[in-house]
Amino acid sequence: MTSDLPIIALDNILIGFGGQHLFQNVELNLLPGTRTCLVGKNGTGKSTLLKLIAGLIEADQGNIYIQPGLKISFLQQNTSIKKSGTVADFMLGSNNKNGQPHEVEEILSKVKIDGGRNIRSLSGGESRRVDLAKALLGSPELILLDEPTNHLDIDTIKWLENRLIKSNKTFLVISHDRAFLKAVSTETLWLHQQTILHHKAGYDEFDKWSERLVDEEKKRAQRLATKLQAEEHWLIHGVTARRKRNQGRIKKLKDLRDQHKKRLEEKSNYKAKIDSGKMSGRLVIEASGLSKQYNEKKIISNFSTKIMKGDRVGVLGSNGSGKTTLLNLLIGNTQPDSGTSRLGSNLNIAIFDQLRETLELSETPLQALVPGGGDSLVIRGKQRNVISYLNDFLFDPKRIHTKISTLSGGEQNRLLLAKILSRESNLLILDEPTNDLDLDTLDLLQEMLDDYNGTIIIVSHDRDFLDSVVTSTLVIESEGKVTEYAGGYTDYTHQIAKRITPKTATKKKANNKRSENNKKRSTAKVQKLSYKDQRELDELPKVISFLEKTKKDIESKLSDPQLFSRDPNSYKKLAKELKDTNDSISSAENRWLELEAESESLKN
């Protein structure tokens, strides 16, 4: 339950850079316990607002109230690690004074980082995850999160969602991940037209709310007979027409997914040798028995597939599972240990890499798009002015002569997308294209991909983006096994659930084959859980509650700052007990979810 007194209050705030107002007349109250998302186009000042609240910058005008003694943690968009030593030492030496060694170990395990590693050995993505762990460590009363899901796989994103929801902390988050925002937010702030609009509902209601507000703006502008500026014009068409455009895309995507599902069903209904004859013009990639391992670890194991012209294929897997390796195996950039991958004829491949290695930081956007000089380029057979083309990607014309090194991460991503999509290609490879993009640019990218006539393979952890774009999903599972599912991320999860439930039902029937009468009774009883399973389902909440209490007792003992130096053996024993208890809680929760899902499935 939240208090009526704010912990943060902004009054008539104005901030400007280079003589231009970034935002003005900003009013904002953050109440304790609220989970607020901050949305708006790139460049409107979202990150600046978080820095203002964190005390890293000052406003040009206005008043800021911060509750005395308020503990604030801040995950900035760019990694801040510049020290040496181990990751665990860095975490314990941070400003989070309440962080204990066992807490550091636990939270690092969740973001999949070894605390004993040297900080200098971390990649950019790993440094980002350490920054996230540091922001969550200890007992902050307000957590500011700027793009927290960047470089996280889906399992870790779902863990972060659960942690934020269960923590009852106050937080303000910026993210391009719609599924994440819908899951965690209870209130929405929209940084629009240099001010903040507040909606007391989560991001799930944003489209309807923002569409209504923009329609009202449009009517006011028409009544006043004012000319809409270019930015407002794009915004109106981007917001109010979004759902109409999406409906057409959804219908088209559904038809493509149905076609792909039929192909997969036909494939599973018979065992056939892969045709070694002449490659069809519709066949883009044909892989047979692909396997790859590094240092005895299986990355890809005996994978076969056919990718046809027009397919939109998503690739899913945890961090380090081998998604980029799979891409490179499919297009021939990496040699497999066994198996083959053949490409169709006349393929022209364009690749978007998540490290942006194809951008020369010393160049300008104009030089990147027309390296030979001039101010125009050919897009899909038509001559386009560079400024007009970059305007499609929401670029300010003034930035066209700015060095790429000075552009933000989002601007660099948009420029690279503009560069990739300007090329003539019929196979588009996108490796994490959504990082650092705002929600409007994501909508724009979805439209451009929908209009793309070739074949697309996408690696992404953005669940909503995959649901909106792909026709099938390749999932890298344990031991390098790769399974193909029709549809996007949500379709994949539904198919997994259906795959698990029939196995349980089959096992029940096998255990009850005693007589014809027993068979009939067993068939009738399959509508509900067995007595044993139902009793286990009823008891599990009590077990979980007991384990949670045990966990709190152990954490209370470990919170003694003198324990490690006074009795290191007891500390280590308690730390192991805490790890075992956390594992038991996780197992019990998974079992409860499994039984609950099975019960619902049988009822339905």
# chains A, B, ... in the order shown; residues from 1 in each chain; ligands from 1
$ select_by_dssp --residues "segment 50-193 of chain A" --states "strand (DSSP E)" --output "list in words"
Gln61, Gly62, Asn63, Ile64, Tyr65, Ile66, Ile72, Ser73, Phe74, Leu75, Leu142, Ile143, Leu144, Leu145, Asp146, Thr170, Phe171, Leu172, Val173, Ile174, Glu187, Thr188, Leu189, Trp190, Leu191 and His192 of chain A
$ write_last_selection --atoms "N, CA, C and O atoms" --output "CSV table (one decimal), in the first residue's frame"
chain,number,residue,atom,x,y,z
A,61,GLN,N,16.1,25.3,-14.2
A,61,GLN,CA,15.0,26.0,-13.5
A,61,GLN,C,14.1,25.0,-12.8
A,61,GLN,O,13.9,23.8,-13.2
A,62,GLY,N,13.5,25.4,-11.7
A,62,GLY,CA,12.5,24.6,-11.0
A,62,GLY,C,13.1,24.0,-9.7
A,62,GLY,O,14.2,24.2,-9.3
A,63,ASN,N,12.2,23.3,-9.0
A,63,ASN,CA,12.5,22.8,-7.7
A,63,ASN,C,12.4,21.2,-7.7
A,63,ASN,O,11.6,20.7,-8.3
A,64,ILE,N,13.3,20.6,-6.9
A,64,ILE,CA,13.3,19.2,-6.7
A,64,ILE,C,13.3,18.8,-5.2
A,64,ILE,O,14.1,19.3,-4.4
A,65,TYR,N,12.3,18.0,-4.9
A,65,TYR,CA,12.2,17.5,-3.5
A,65,TYR,C,12.6,16.0,-3.5
A,65,TYR,O,12.1,15.2,-4.3
A,66,ILE,N,13.6,15.6,-2.6
A,66,ILE,CA,13.9,14.2,-2.4
A,66,ILE,C,13.8,14.0,-0.9
A,66,ILE,O,14.3,14.7,-0.1
A,72,ILE,N,19.0,5.8,-3.1
A,72,ILE,CA,18.7,5.7,-4.6
A,72,ILE,C,19.8,4.8,-5.3
A,72,ILE,O,20.9,5.1,-5.0
A,73,SER,N,19.4,3.9,-6.0
A,73,SER,CA,20.3,3.2,-6.9
A,73,SER,C,20.0,3.5,-8.4
A,73,SER,O,18.8,3.6,-8.7
A,74,PHE,N,21.0,3.5,-9.2
A,74,PHE,CA,20.8,3.9,-10.6
A,74,PHE,C,21.6,3.0,-11.6
A,74,PHE,O,22.8,3.0,-11.5
A,75,LEU,N,20.8,2.4,-12.5
A,75,LEU,CA,21.5,1.7,-13.6
A,75,LEU,C,21.4,2.6,-14.8
A,75,LEU,O,20.4,2.8,-15.3
A,142,LEU,N,14.6,3.6,-3.8
A,142,LEU,CA,14.2,4.0,-5.2
A,142,LEU,C,15.2,3.4,-6.2
A,142,LEU,O,16.4,3.7,-6.0
A,143,ILE,N,14.7,2.7,-7.2
A,143,ILE,CA,15.6,2.1,-8.2
A,143,ILE,C,15.3,2.7,-9.5
A,143,ILE,O,14.2,2.7,-10.0
A,144,LEU,N,16.3,3.3,-10.1
A,144,LEU,CA,16.2,4.0,-11.4
A,144,LEU,C,16.9,3.0,-12.5
A,144,LEU,O,18.1,2.7,-12.3
A,145,LEU,N,16.1,2.6,-13.4
A,145,LEU,CA,16.6,1.6,-14.4
A,145,LEU,C,16.5,2.1,-15.8
A,145,LEU,O,15.4,2.4,-16.3
A,146,ASP,N,17.7,2.3,-16.5
A,146,ASP,CA,17.7,2.8,-17.9
A,146,ASP,C,18.0,1.6,-18.8
A,146,ASP,O,19.2,1.2,-18.8
A,170,THR,N,10.1,0.9,-4.9
A,170,THR,CA,9.7,2.0,-5.9
A,170,THR,C,10.7,2.0,-7.0
A,170,THR,O,11.9,2.0,-6.7
A,171,PHE,N,10.2,2.0,-8.2
A,171,PHE,CA,11.2,2.1,-9.3
A,171,PHE,C,10.6,2.8,-10.5
A,171,PHE,O,9.4,2.9,-10.7
A,172,LEU,N,11.6,3.4,-11.2
A,172,LEU,CA,11.3,4.2,-12.4
A,172,LEU,C,12.1,3.6,-13.5
A,172,LEU,O,13.4,3.6,-13.4
A,173,VAL,N,11.5,3.1,-14.6
A,173,VAL,CA,12.2,2.3,-15.6
A,173,VAL,C,12.0,2.8,-17.0
A,173,VAL,O,10.9,3.2,-17.4
A,174,ILE,N,13.1,2.9,-17.8
A,174,ILE,CA,13.0,3.1,-19.2
A,174,ILE,C,13.4,1.8,-19.9
A,174,ILE,O,14.4,1.2,-19.6
A,187,GLU,N,2.2,2.3,-13.4
A,187,GLU,CA,1.9,3.6,-13.8
A,187,GLU,C,2.8,4.0,-15.0
A,187,GLU,O,3.9,3.3,-15.2
A,188,THR,N,2.4,5.0,-15.8
A,188,THR,CA,3.1,5.3,-17.0
A,188,THR,C,3.3,6.8,-17.1
A,188,THR,O,2.4,7.6,-16.8
A,189,LEU,N,4.6,7.2,-17.4
A,189,LEU,CA,4.9,8.6,-17.7
A,189,LEU,C,5.3,8.7,-19.1
A,189,LEU,O,6.1,7.9,-19.6
A,190,TRP,N,4.7,9.6,-19.9
A,190,TRP,CA,5.0,9.8,-21.3
A,190,TRP,C,5.7,11.2,-21.5
A,190,TRP,O,5.1,12.2,-21.2
A,191,LEU,N,7.0,11.2,-21.8
A,191,LEU,CA,7.7,12.4,-22.1
A,191,LEU,C,7.4,12.8,-23.5
A,191,LEU,O,7.9,12.2,-24.5
A,192,HIS,N,6.5,13.8,-23.7
A,192,HIS,CA,5.9,14.1,-25.0
A,192,HIS,C,5.7,15.6,-25.1
A,192,HIS,O,5.3,16.3,-24.2
$ closest_residue --among "A:Ile107, A:Ile113, A:Ile404, A:Ile544" --to "Thr86 of chain A" --atoms "only C-alpha atoms"
A:Ile113
$ residues_around --residues "segment 44-60 of chain A" --least-positions-apart "3" --cutoff "6 Å" --atoms "only C-alpha atoms" --output "MDAnalysis selection string"
chainID A and resid 14:15 41
$ residues_around --residues "segment 295-301 of chain A" --least-positions-apart "4" --cutoff "7 Å" --atoms "only C-alpha atoms" --output "CSV table (one decimal) with C-alpha atoms, in the first residue's frame"
chain,number,residue,atom,x,y,z
A,290,LEU,CA,25.0,-29.4,-38.4
A,291,SER,CA,27.2,-29.9,-35.3
A,321,SER,CA,24.1,-20.8,-25.9
A,322,GLY,CA,25.4,-20.3,-29.5
A,479,GLU,CA,23.3,-30.0,-25.2
A,480,GLY,CA,23.1,-28.0,-28.4
A,481,LYS,CA,19.7,-29.3,-29.5
$ closest_residue --among "A:Lys182, A:Lys576, A:His494, A:Arg117" --to "Glu555 of chain A" --atoms "only C-alpha atoms"
A:Lys576
$ closest_residue --among "A:Ala575, A:Leu28, A:Cys37, A:Leu361" --to "Asp11 of chain A" --atoms "only C-alpha atoms"
A:Leu28
$ closest_residue --among "A:Lys112, A:Lys158, A:Lys419, A:Lys208" --to "Ser127 of chain A" --atoms "only C-alpha atoms"
A:Lys112
$ residues_around --residues "His176 of chain A" --least-positions-apart "3" --cutoff "8 Å" --atoms "only C-alpha atoms" --output "PyMOL selection string"
chain A and resi 147+434-439+442
$ residues_around --residues "Leu369 of chain A" --least-positions-apart "3" --cutoff "9 Å" --atoms "only C-alpha atoms" --output "PyMOL selection string"
chain A and resi 364-366+372+376-377+386+415+418-419+422
$ write_last_selection --atoms "N, CA and C atoms" --output "mmCIF file, in the first residue's frame"
data_model
loop_
_atom_site.group_PDB
_atom_site.id
_atom_site.type_symbol
_atom_site.label_atom_id
_atom_site.label_comp_id
_atom_site.auth_asym_id
_atom_site.auth_seq_id
_atom_site.Cartn_x
_atom_site.Cartn_y
_atom_site.Cartn_z
ATOM 1 N N THR A 364 30.645 10.425 -40.837
ATOM 2 C CA THR A 364 29.345 11.029 -40.522
ATOM 3 C C THR A 364 28.250 10.110 -41.073
ATOM 4 N N PRO A 365 26.991 10.258 -40.648
ATOM 5 C CA PRO A 365 25.911 9.469 -41.233
ATOM 6 C C PRO A 365 25.827 9.600 -42.749
ATOM 7 N N LEU A 366 26.084 10.809 -43.261
ATOM 8 C CA LEU A 366 26.055 11.008 -44.714
ATOM 9 C C LEU A 366 27.117 10.153 -45.390
ATOM 10 N N GLY A 372 30.693 7.192 -51.563
ATOM 11 C CA GLY A 372 31.274 7.739 -52.793
ATOM 12 C C GLY A 372 30.996 9.210 -52.992
ATOM 13 N N SER A 376 22.337 11.585 -52.319
ATOM 14 C CA SER A 376 21.194 10.718 -52.595
ATOM 15 C C SER A 376 21.662 9.271 -52.754
ATOM 16 N N LEU A 377 20.730 8.346 -52.634
ATOM 17 C CA LEU A 377 21.022 6.923 -52.795
ATOM 18 C C LEU A 377 19.794 6.248 -53.368
ATOM 19 N N VAL A 386 19.255 11.618 -49.034
ATOM 20 C CA VAL A 386 19.741 11.016 -47.790
ATOM 21 C C VAL A 386 18.987 11.567 -46.577
ATOM 22 N N LEU A 415 21.075 4.226 -37.408
ATOM 23 C CA LEU A 415 21.903 4.487 -38.590
ATOM 24 C C LEU A 415 22.335 3.174 -39.240
ATOM 25 N N ALA A 418 19.478 1.748 -41.061
ATOM 26 C CA ALA A 418 19.271 2.494 -42.309
ATOM 27 C C ALA A 418 20.284 2.054 -43.365
ATOM 28 N N LYS A 419 21.529 1.851 -42.935
ATOM 29 C CA LYS A 419 22.584 1.441 -43.865
ATOM 30 C C LYS A 419 22.316 0.038 -44.412
ATOM 31 N N SER A 422 19.282 -0.111 -46.744
ATOM 32 C CA SER A 422 19.437 0.625 -47.999
ATOM 33 C C SER A 422 20.071 -0.242 -49.080
#
$ closest_atom_pairs --of "segment 398-515 of chain A" --to "segment 327-335 of chain A" --cutoff "9 Å" --atoms "only C-alpha atoms" --output "CSV"
residue,atom,partner,partner_atom,distance
A:Ile429,CA,A:Leu327,CA,8.0
A:Asp431,CA,A:Leu327,CA,8.7
A:Ile457,CA,A:Leu327,CA,8.1
A:Val459,CA,A:Leu327,CA,8.6
